[in-house]
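Dropping target.cif in here (mmCIF, C-alpha atoms):
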data_work
#
loop_
_atom_site.label_atom_id
_atom_site.label_comp_id
_atom_site.auth_asym_id
_atom_site.auth_seq_id
_atom_site.Cartn_x
_atom_site.Cartn_y
_atom_site.Cartn_z
CA MET A 984 100.87 97.80 45.57
CA THR A 985 101.09 96.01 48.92
CA LYS A 986 103.78 93.79 47.45
CA ALA A 987 105.77 96.81 46.24
CA LEU A 988 105.56 98.47 49.65
CA GLY A 989 106.49 95.20 51.40
CA LEU A 990 109.53 94.73 49.19
CA LEU A 991 110.60 98.36 49.73
CA VAL A 992 110.38 98.02 53.52
CA ALA A 993 112.23 94.67 53.47
CA LEU A 994 114.97 96.04 51.17
CA PHE A 995 115.50 99.12 53.29
CA ALA A 996 115.54 97.09 56.52
CA LEU A 997 118.22 94.86 54.96
CA TRP A 998 120.17 97.95 53.82
CA LEU A 999 120.06 99.40 57.34
CA ALA A 1000 121.02 96.10 58.98
CA LEU A 1001 123.99 95.61 56.70
CA SER A 1002 125.26 99.20 56.54
CA GLY A 1003 124.52 100.51 60.04
CA TYR A 1004 124.75 104.12 58.78
CA PHE A 1005 122.32 106.75 60.01
CA LYS A 1006 123.75 109.89 58.35
CA PRO A 1007 121.10 111.84 56.38
CA PHE A 1008 123.02 111.78 53.08
CA LEU A 1009 123.71 108.04 53.24
CA LEU A 1010 120.12 107.29 54.29
CA THR A 1011 118.87 109.23 51.25
CA VAL A 1012 121.19 107.31 48.95
CA GLY A 1013 120.02 104.08 50.60
CA VAL A 1014 116.36 104.91 50.02
CA LEU A 1015 117.10 105.86 46.42
CA SER A 1016 118.93 102.59 45.76
CA CYS A 1017 116.02 100.64 47.28
CA LEU A 1018 113.57 102.56 45.06
CA PHE A 1019 115.72 101.81 42.00
CA THR A 1020 115.79 98.09 42.93
CA LEU A 1021 112.01 98.20 43.33
CA TYR A 1022 111.67 99.79 39.87
CA LEU A 1023 113.85 97.05 38.36
CA ALA A 1024 111.92 94.31 40.17
CA ARG A 1025 108.66 95.76 38.88
CA ARG A 1026 109.98 95.94 35.31
CA MET A 1027 111.01 92.28 35.58
CA ASN A 1028 107.53 91.34 36.87
CA LEU A 1029 109.07 90.01 40.07
CA LEU A 1030 106.44 91.39 42.42
CA ASP A 1031 104.59 88.11 42.93
CA ASP A 1032 104.00 85.58 45.73
CA GLU A 1033 107.41 84.06 45.08
CA ALA A 1034 109.63 87.14 45.47
CA VAL A 1035 107.51 88.91 48.10
CA PRO A 1036 105.87 86.11 50.10
CA LEU A 1037 103.53 88.31 52.12
CA GLN A 1038 100.89 85.58 51.93
CA LEU A 1039 102.79 83.47 54.47
CA ARG A 1040 101.45 83.43 57.99
CA LEU A 1041 103.46 85.35 60.57
CA THR A 1042 103.94 82.18 62.61
CA LEU A 1043 106.67 81.14 60.12
CA PRO A 1044 109.46 81.64 62.75
CA LEU A 1045 107.58 79.19 65.00
CA TYR A 1046 107.65 76.65 62.17
CA TRP A 1047 111.39 77.31 61.77
CA SER A 1048 112.05 76.67 65.44
CA TRP A 1049 110.07 73.41 65.26
CA LEU A 1050 112.10 72.51 62.15
CA GLY A 1051 115.29 73.35 64.06
CA GLY A 1052 114.32 70.75 66.68
CA GLU A 1053 113.61 68.17 63.96
CA ILE A 1054 116.97 68.91 62.31
CA PHE A 1055 118.72 68.34 65.62
CA LYS A 1056 116.93 65.01 66.17
CA SER A 1057 117.66 63.67 62.70
CA ALA A 1058 121.25 64.97 62.82
CA LEU A 1059 121.68 62.83 65.95
CA ALA A 1060 120.19 59.82 64.13
CA VAL A 1061 122.50 60.29 61.11
CA SER A 1062 125.52 60.78 63.42
CA LYS A 1063 124.65 57.51 65.13
CA VAL A 1064 124.60 55.73 61.75
CA ILE A 1065 127.96 57.27 60.76
CA LEU A 1066 129.63 56.31 64.03
CA SER A 1067 128.16 52.83 64.35
CA ARG A 1068 130.49 49.97 63.52
CA ASP A 1069 128.43 48.35 60.77
CA MET A 1070 126.74 51.56 59.41
CA ALA A 1071 123.18 50.25 59.13
CA ILE A 1072 122.18 52.21 56.04
CA SER A 1073 119.32 51.20 53.77
CA GLN A 1074 119.20 53.62 50.86
CA GLN A 1075 115.84 54.16 49.23
CA PHE A 1076 113.90 56.39 46.87
CA ILE A 1077 110.47 57.03 48.30
CA ALA A 1078 107.43 58.87 46.96
CA VAL A 1079 106.13 61.57 49.30
CA GLU A 1080 102.69 63.08 48.75
CA SER A 1081 102.59 66.85 49.05
CA PRO A 1082 99.04 67.92 50.02
CA LEU A 1083 99.89 71.64 49.91
CA LYS A 1084 98.00 74.17 47.85
CA THR A 1085 100.48 76.88 46.84
CA ASP A 1086 103.82 76.75 45.02
CA MET A 1087 105.46 78.42 48.02
CA GLY A 1088 104.04 75.68 50.26
CA HIS A 1089 105.58 72.99 48.04
CA VAL A 1090 108.94 74.79 48.09
CA ILE A 1091 108.94 75.15 51.89
CA PHE A 1092 108.01 71.48 52.28
CA ALA A 1093 110.66 70.22 49.81
CA ASN A 1094 113.34 72.44 51.33
CA SER A 1095 112.41 71.32 54.84
CA ILE A 1096 112.80 67.68 53.78
CA THR A 1097 116.24 68.46 52.34
CA LEU A 1098 117.27 70.44 55.42
CA THR A 1099 116.57 67.47 57.68
CA PRO A 1100 119.66 65.23 57.59
CA GLY A 1101 118.76 61.73 56.40
CA THR A 1102 116.37 62.85 53.65
CA VAL A 1103 117.00 64.75 50.40
CA THR A 1104 114.36 65.83 47.88
CA VAL A 1105 115.58 64.62 44.51
CA GLU A 1106 112.83 65.36 42.00
CA ALA A 1107 109.39 66.92 41.93
CA ALA A 1108 106.22 65.96 40.06
CA PRO A 1109 102.77 67.56 40.43
CA GLY A 1110 101.58 66.83 43.98
CA LYS A 1111 104.45 64.57 44.98
CA PHE A 1112 108.18 64.47 45.57
CA LEU A 1113 110.82 61.83 45.10
CA VAL A 1114 112.88 61.70 48.28
CA HIS A 1115 116.12 59.84 48.91
CA ALA A 1116 116.33 58.49 52.45
CA LEU A 1117 119.39 57.05 54.18
CA THR A 1118 117.66 54.72 56.63
CA ASP A 1119 114.28 53.07 57.20
CA GLU A 1120 113.62 55.37 60.17
CA ALA A 1121 114.23 58.51 58.08
CA ALA A 1122 111.80 57.20 55.43
CA GLY A 1123 108.85 56.84 57.84
CA PRO A 1124 105.69 58.42 56.35
CA GLU A 1125 104.47 59.84 59.70
CA GLY A 1126 107.33 62.34 59.88
CA PHE A 1127 106.53 63.71 56.40
CA ALA A 1128 102.79 63.91 57.15
CA GLU A 1129 103.46 65.86 60.34
CA MET A 1130 105.80 68.24 58.48
CA ALA A 1131 103.28 68.77 55.65
CA ARG A 1132 100.54 69.50 58.19
CA ARG A 1133 102.70 72.19 59.79
CA VAL A 1134 103.65 73.74 56.43
CA ALA A 1135 99.95 73.84 55.50
CA VAL A 1136 99.36 76.04 58.55
CA VAL A 1137 101.91 78.66 57.47
CA GLU A 1138 101.46 78.62 53.67
CA THR A 1139 98.42 80.95 53.51
CA ARG A 1140 96.61 83.24 55.91
CA MET B 900 121.81 91.25 87.04
CA ASP B 901 125.55 91.44 87.50
CA PRO B 902 127.22 92.12 84.10
CA ALA B 903 130.08 89.77 84.95
CA LEU B 904 127.57 86.97 85.51
CA ILE B 905 125.89 87.65 82.16
CA GLY B 906 129.32 87.62 80.50
CA LEU B 907 130.09 84.26 82.10
CA ALA B 908 126.71 82.85 80.99
CA CYS B 909 127.39 84.02 77.41
CA ASP B 910 130.86 82.47 77.46
CA LEU B 911 129.37 79.20 78.71
CA ALA B 912 126.64 79.27 76.04
CA THR B 913 129.27 79.91 73.36
CA GLY B 914 131.39 77.07 74.70
CA ILE B 915 128.49 74.62 74.61
CA ALA B 916 127.36 75.71 71.12
CA PHE B 917 130.92 75.44 69.75
CA LEU B 918 131.45 72.06 71.41
CA VAL B 919 128.22 70.53 70.11
CA GLY B 920 128.52 72.23 66.70
CA GLY B 921 132.17 71.22 66.37
CA THR B 922 131.30 67.64 67.26
CA PHE B 923 128.65 67.56 64.53
CA LEU B 924 131.15 69.06 62.05
CA LEU B 925 133.67 66.35 62.91
CA ILE B 926 131.09 63.56 62.66
CA GLY B 927 129.87 64.97 59.34
CA THR B 928 133.41 65.09 57.96
CA PHE B 929 134.01 61.56 59.18
CA GLY B 930 130.78 60.50 57.46
CA LEU B 931 131.86 62.14 54.19
CA ILE B 932 134.88 59.84 54.16
CA ARG B 933 133.28 56.74 55.59
CA LEU B 934 129.90 56.45 53.82
CA PRO B 935 129.91 54.30 50.65
CA ASP B 936 128.63 56.52 47.82
CA VAL B 937 127.56 60.01 46.75
CA TRP B 938 123.92 59.51 47.84
CA ALA B 939 124.82 58.52 51.39
CA ARG B 940 127.39 61.31 51.58
CA PHE B 941 124.70 63.95 50.94
CA HIS B 942 123.34 63.18 54.37
CA ALA B 943 126.72 63.61 56.05
CA ALA B 944 127.05 66.95 54.25
CA GLY B 945 123.54 67.75 55.49
CA VAL B 946 124.70 67.36 59.08
CA ILE B 947 127.58 69.76 58.42
CA ASP B 948 125.72 72.55 56.67
CA THR B 949 122.60 72.57 58.83
CA ILE B 950 123.28 71.86 62.47
CA GLY B 951 127.07 72.28 62.40
CA ALA B 952 127.17 75.67 60.68
CA GLU B 953 124.12 77.05 62.53
CA LEU B 954 125.44 76.07 65.97
CA ILE B 955 128.78 77.74 65.26
CA LEU B 956 126.91 80.90 64.19
CA ILE B 957 124.73 80.80 67.32
CA GLY B 958 127.85 80.41 69.45
CA MET B 959 129.35 83.49 67.80
CA MET B 960 126.14 85.46 68.40
CA PHE B 961 126.52 84.96 72.17
CA GLN B 962 129.89 86.68 71.96
CA THR B 963 128.81 89.74 69.98
CA GLY B 964 125.83 90.63 72.19
CA LEU B 965 123.07 92.99 71.06
CA THR B 966 124.96 94.64 68.20
CA GLN B 967 124.81 95.00 64.44
CA THR B 968 127.28 92.13 64.14
CA THR B 969 124.73 89.79 65.77
CA LEU B 970 122.12 90.91 63.26
CA LYS B 971 124.54 90.15 60.42
CA LEU B 972 125.32 86.71 61.88
CA ALA B 973 121.57 86.03 62.12
CA LEU B 974 121.19 87.02 58.46
CA ILE B 975 124.04 84.68 57.49
CA GLY B 976 122.24 81.92 59.39
CA LEU B 977 118.97 82.70 57.62
CA PHE B 978 120.57 82.69 54.16
CA LEU B 979 122.36 79.40 54.92
CA PHE B 980 118.99 78.00 55.99
CA VAL B 981 117.55 78.83 52.55
CA THR B 982 120.51 78.31 50.21
CA GLY B 983 121.84 75.11 51.84
CA PRO B 984 118.94 72.84 50.80
CA THR B 985 118.76 74.52 47.38
CA ALA B 986 122.40 73.62 46.66
CA THR B 987 121.96 70.11 48.07
CA HIS B 988 118.90 69.58 45.88
CA ALA B 989 120.77 70.84 42.80
CA VAL B 990 123.58 68.31 43.31
CA ALA B 991 121.19 65.46 44.19
CA ASN B 992 119.05 66.20 41.15
CA ALA B 993 122.13 66.27 38.91
CA ALA B 994 123.23 62.88 40.27
CA PHE B 995 119.71 61.54 39.67
CA VAL B 996 119.45 62.81 36.09
CA ALA B 997 122.95 61.50 35.34
CA GLY B 998 121.75 58.05 36.45
CA ILE B 999 124.16 57.49 39.32
CA ARG B 1000 122.49 54.65 41.18
CA PRO B 1001 122.76 54.37 44.98
CA GLN B 1002 124.47 51.21 46.20
CA ARG B 1003 122.15 48.48 47.49
CA LEU B 1004 118.91 50.34 46.92
CA THR B 1005 116.29 48.67 49.15
CA ARG B 1006 113.22 50.50 47.81
CA ASN B 1007 112.74 52.44 44.60
CA GLU B 1008 109.55 54.38 43.94
CA ALA B 1009 111.05 56.67 41.29
CA GLU B 1010 108.67 55.44 38.60
CA ALA B 1011 105.66 56.00 40.88
CA VAL B 1012 106.55 59.70 40.95
CA LEU B 1013 108.00 60.35 37.50
CA GLY B 1014 106.48 57.65 35.32
CA ASP B 1015 108.08 57.58 31.86
CA ASP B 1016 110.30 60.58 32.70
CA THR B 1017 112.42 58.42 35.00
CA PRO B 1018 116.05 58.57 33.75
CA GLU B 1019 117.63 55.37 32.45
CA GLY B 1020 119.43 53.53 35.21
CA MET B 1021 117.03 54.77 37.88
CA LYS B 1022 114.20 52.45 36.89
CA ALA B 1023 113.44 49.67 39.34
#
Transcribe the structure of this file into structure tokens.
Amino acid sequence: MTKALGLLVALFALWLALSGYFKPFLLTVGVLSCLFTLYLARRMNLLDDEAVPLQLRLTLPLYWSWLGGEIFKSALAVSKVILSRDMAISQQFIAVESPLKTDMGHVIFANSITLTPGTVTVEAAPGKFLVHALTDEAAGPEGFAEMARRVAVVETR
Amino acid sequence: MDPALIGLACDLATGIAFLVGGTFLLIGTFGLIRLPDVWARFHAAGVIDTIGAELILIGMMFQTGLTQTTLKLALIGLFLFVTGPTATHAVANAAFVAGIRPQRLTRNEAEAVLGDDTPEGMKA
């Protein structure tokens, strides 16, 4: 029930943000289309933690801003490699432990690794990821541990 | 505060965001050409579709002010933030399953993660 209501609110907020209409007729049509989408989502059994991640902590935007800083730092590191004369790359496949508890936590962690330039998540196995790293610095385990610790904070309330 | 001053500050912020974002886009493009193989090139593409694209969007947001357009730009940024890594992972995973080996691999722990499921050509 909470999930259904959450999805309805999110859908209608998106509808409003994208349309920008506030006429009564159009608002009614908007609400109806959101209700229809909700009915379809319910029929398809989509109202779970994956489609409506209400279980995430509200500090998620804080995590995103921290991630933004990390992306900037590693983008600088990758740019340095690209522009350096001898391109000191050392390609490697490394195993990264994922200590998270929920599926959503794993997804956020894997996507964060991919978002950071210099590392790409290639394959997943239960509890760990295979990550391709461009340089030795990008493959350092401390960075992944720090990221996993921060994801663990936001994954459940 | 004086509206003209705020306008100037926004123009400056846009200029800086475009300059830095554009530089990253250029470096990323350069990297796409210069790096040796598909695996290394993922990381150059990563620079382009994370920091490059987001900074350009942020620069545009300073020009549109507190309007619906800014909200739409923010949504574009958010969707890029989620779909970018998904697409990158899809391509990287395809390259992995197809057995395209990175050049001069210095460390390979693929079998530690996948065991017997490791594709041929990716084993150490």
Report as a Markdown table: every residue of chain A with an atom at most 8 Å from chain B, its closest pair of atoms, and their distance in Å to one decimal, counting all atoms listed in the file, with rows sorted by chain and ascending residue number.
| residue | atom | partner | partner_atom | distance |
| --- | --- | --- | --- | --- |
| A:Ala1000 | CA | B:Gln967 | CA | 6.7 |
| A:Leu1001 | CA | B:Lys971 | CA | 6.6 |
| A:Gly1003 | CA | B:Gln967 | CA | 7.1 |
| A:Ile1054 | CA | B:Ile950 | CA | 7.0 |
| A:Phe1055 | CA | B:Ile950 | CA | 6.6 |
| A:Ala1058 | CA | B:Val946 | CA | 5.6 |
| A:Val1061 | CA | B:Ala943 | CA | 7.4 |
| A:Ser1062 | CA | B:Ile926 | CA | 6.3 |
| A:Ile1065 | CA | B:Gly930 | CA | 5.4 |
| A:Leu1066 | CA | B:Ile926 | CA | 7.5 |
| A:Ser1073 | CA | B:Thr1005 | CA | 6.1 |
| A:Gln1074 | CA | B:Leu1004 | CA | 5.1 |
| A:Gln1075 | CA | B:Arg1006 | CA | 4.7 |
| A:Phe1076 | CA | B:Asn1007 | CA | 4.7 |
| A:Ile1077 | CA | B:Glu1008 | CA | 5.2 |
| A:Ala1078 | CA | B:Glu1008 | CA | 5.8 |
| A:Asn1094 | CA | B:Pro984 | CA | 5.6 |
| A:Ser1095 | CA | B:Pro984 | CA | 7.8 |
| A:Thr1097 | CA | B:Pro984 | CA | 5.4 |
| A:Leu1098 | CA | B:Pro984 | CA | 5.5 |
| A:Thr1099 | CA | B:Gly945 | CA | 7.3 |
| A:Pro1100 | CA | B:Gly945 | CA | 5.1 |
| A:Gly1101 | CA | B:His942 | CA | 5.2 |
| A:Thr1102 | CA | B:His942 | CA | 7.0 |
| A:Val1103 | CA | B:His988 | CA | 6.9 |
| A:Thr1104 | CA | B:His988 | CA | 6.2 |
| A:Val1105 | CA | B:Asn992 | CA | 5.1 |
| A:Glu1106 | CA | B:Asn992 | CA | 6.3 |
| A:Ala1107 | CA | B:Val1012 | CA | 7.8 |
| A:Ala1108 | CA | B:Val1012 | CA | 6.3 |
| A:Lys1111 | CA | B:Val1012 | CA | 6.7 |
| A:Phe1112 | CA | B:Val1012 | CA | 6.8 |
| A:Leu1113 | CA | B:Val1012 | CA | 6.3 |
| A:His1115 | CA | B:Trp938 | CA | 7.9 |
| A:Leu1117 | CA | B:Ala939 | CA | 6.3 |
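You will find atom CA of Ala903 of chain B at 28.2 Å from atom CA of Ala952 of chain B.
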Quiz prompt | the PyMOL selection byres ((chain A and resi 1015-1021) around 8) applied to the shown file, residues as a list in words | solution =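 Expected selection for the PyMOL selection byres ((chain A and resi 1015-1021) around 8) here is Ala987, Leu990, Leu991, Leu994, Phe995, Thr1011, Val1012, Gly1013, Val1014, Tyr1022, Leu1023, Ala1024 and Arg1025 of chain A.
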Self-check item: Explicit residues for the PyMOL selection byres ((chain A and resi 1035-1043) around 9) (as a ChimeraX atom specification)
Solution: /A:985-987,989-990,1029-1034,1044-1048,1087-1088,1134,1136-1140
Quiz item: Mind telling me what the PyMOL selection byres ((chain A and resi 1126) around 12) catches here, as JSON, numbers by chain?
Solution: {"A": [1050, 1053, 1054, 1056, 1057, 1079, 1092, 1095, 1096, 1099, 1101, 1102, 1119, 1120, 1121, 1122, 1123, 1124, 1125, 1127, 1128, 1129, 1130, 1131, 1132, 1133]}
Non-local contacts of Leu956 of chain B (10 Å; all atoms listed in the file; under 2 positions in same chain excluded) as a PDB file with C-alpha atoms, keeping the file's coordinate frame:
ATOM      1  CA  THR B 913     129.270  79.910  73.360  1.00  0.00           C
ATOM      2  CA  ALA B 916     127.360  75.710  71.120  1.00  0.00           C
ATOM      3  CA  PHE B 917     130.920  75.440  69.750  1.00  0.00           C
ATOM      4  CA  GLY B 920     128.520  72.230  66.700  1.00  0.00           C
ATOM      5  CA  ILE B 950     123.280  71.860  62.470  1.00  0.00           C
ATOM      6  CA  GLY B 951     127.070  72.280  62.400  1.00  0.00           C
ATOM      7  CA  ALA B 952     127.170  75.670  60.680  1.00  0.00           C
ATOM      8  CA  GLU B 953     124.120  77.050  62.530  1.00  0.00           C
ATOM      9  CA  LEU B 954     125.440  76.070  65.970  1.00  0.00           C
ATOM     10  CA  GLY B 958     127.850  80.410  69.450  1.00  0.00           C
ATOM     11  CA  MET B 959     129.350  83.490  67.800  1.00  0.00           C
ATOM     12  CA  MET B 960     126.140  85.460  68.400  1.00  0.00           C
ATOM     13  CA  PHE B 961     126.520  84.960  72.170  1.00  0.00           C
ATOM     14  CA  THR B 969     124.730  89.790  65.770  1.00  0.00           C
ATOM     15  CA  LEU B 972     125.320  86.710  61.880  1.00  0.00           C
ATOM     16  CA  ALA B 973     121.570  86.030  62.120  1.00  0.00           C
ATOM     17  CA  ILE B 975     124.040  84.680  57.490  1.00  0.00           C
ATOM     18  CA  GLY B 976     122.240  81.920  59.390  1.00  0.00           C
TER      19      GLY B 976
END
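Counting from atom CA of Gly964 of chain B, the distance to atom CA of Ala912 of chain B is 12.0 Å.
Between atom CA of Asp1015 of chain B and atom CA of Val937 of chain B lies a distance of 24.6 Å.
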For segment 933-947 of chain B, take all atoms listed in the file, fit an axis-aligned box around them, add 6 Å to each of the six sides, then output centre and edge lengths in Å rounded to one decimal, as AutoDock Vina command-line options.
--center_x 128.3 --center_y 62.0 --center_z 52.9 --size_x 21.9 --size_y 27.5 --size_z 24.3
